[in-house]
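A quick write-up on the structure given underneath.
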Amino acid sequence: MELSSWVMLAVEEAAKGAAPNPFSTLWLPIVASIAVVLILNPFGKKEDKKQKQLIESLKKNDRVLLIGGIYGRIVLVKPDDDEVVVKVDEDRDLKLTVTKSAVLRKIEKGEEVPAKPTS
């Protein structure tokens with residue numbers, strides 16, 4: 001049943017003097033509560049705080065995983081900009097300049113990093 005049908009049903013019942021359907025009076029607070037939770041997203045604040053701490057702690061020679069699945073080592077952190085330079089291939093000296101928010105996580109010492117394919 002469409003939303004307008006529920007509203008019309010509630011109006012007709014109210015006009016007849018009949019007791020309103022409990023759902024017709026409760027749907028608005030339920031929908032409003034869901035909207036508030038989705039818009040304010042109180043559950044995402046912890047992750048935002050952790051990401052901000054990660055970005056602030058980035059330094060030279062940190063091994064990182066970028067959001068695109070690229071592994072690399074930070075060779076330069078630009079303090080005035082929101083960018084870092086990441087070396088992704090030691091043999092070819094291939095470097096990428098990415099935003100700090102593109103860093104998904106740091107690779108801890110002893111953690112396995114996928115080996116690059118041999119061609």
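Labels for the structure tokens follow display order: chains A, B, ..., residues from 1 in each chain, ligands from 1.
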
Leaving out Leu96 of chain A and any residue of its chain fewer than 2 positions from it, which residues lie within 10 Å of it when counting only C-alpha atoms, given as an MDAnalysis selection string?
-> chainID A and resid 72 74:75 84:89 94 98:99

As a compact mmCIF listing (two decimals) with C-alpha atoms, in the first residue's frame, list the residues of segment 60-89 of chain A assigned to strand (DSSP E) by DSSP on the backbone atoms of this structure.
# COMPACT_ATOMS: atom_id res chain seq x y z
CA ARG A 63 54.55 1.07 4.84
CA VAL A 64 50.94 1.75 3.82
CA LEU A 65 48.00 0.30 1.94
CA LEU A 66 46.13 2.78 -0.24
CA TYR A 71 50.98 -1.14 -1.27
CA GLY A 72 53.85 1.29 -0.89
CA ARG A 73 56.25 3.18 1.34
CA ILE A 74 55.89 6.87 2.17
CA VAL A 75 58.90 8.84 0.95
CA LEU A 76 57.58 12.36 1.56
CA VAL A 77 54.86 13.87 3.72
CA GLU A 83 49.36 14.96 0.15
CA VAL A 84 51.97 12.25 0.57
CA VAL A 85 54.37 10.75 -1.95
CA VAL A 86 54.30 6.95 -1.92
CA LYS A 87 56.93 4.77 -3.60
CA VAL A 88 55.12 1.75 -5.02
CA ASP A 89 57.93 0.06 -6.98

Just give me the gap between atom CA of Val113 of chain A and atom CA of Ile70 of chain A in Å, one decimal is fine.
->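 We find that atom CA of Val113 of chain A and atom CA of Ile70 of chain A lie 10.5 Å from each other.
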
Leaving out segment 42-57 of chain A and any residue of its chain fewer than 6 positions from it, which residues lie within 10 Å of it when counting only C-alpha atoms, given as a ChimeraX atom specification?
-> /A:36,79,82,99-106

Provide the atom CA of Leu38 of chain A to atom CA of Ile67 of chain A distance in Å, to one decimal place.
->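 A separation of 24.1 Å between them.
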
Report the distance between atom CA of Thr97 of chain A and atom CA of Asp80 of chain A in Å, rounded to one decimal place.
->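 Atom CA of Thr97 of chain A sits 14.2 Å away from atom CA of Asp80 of chain A.
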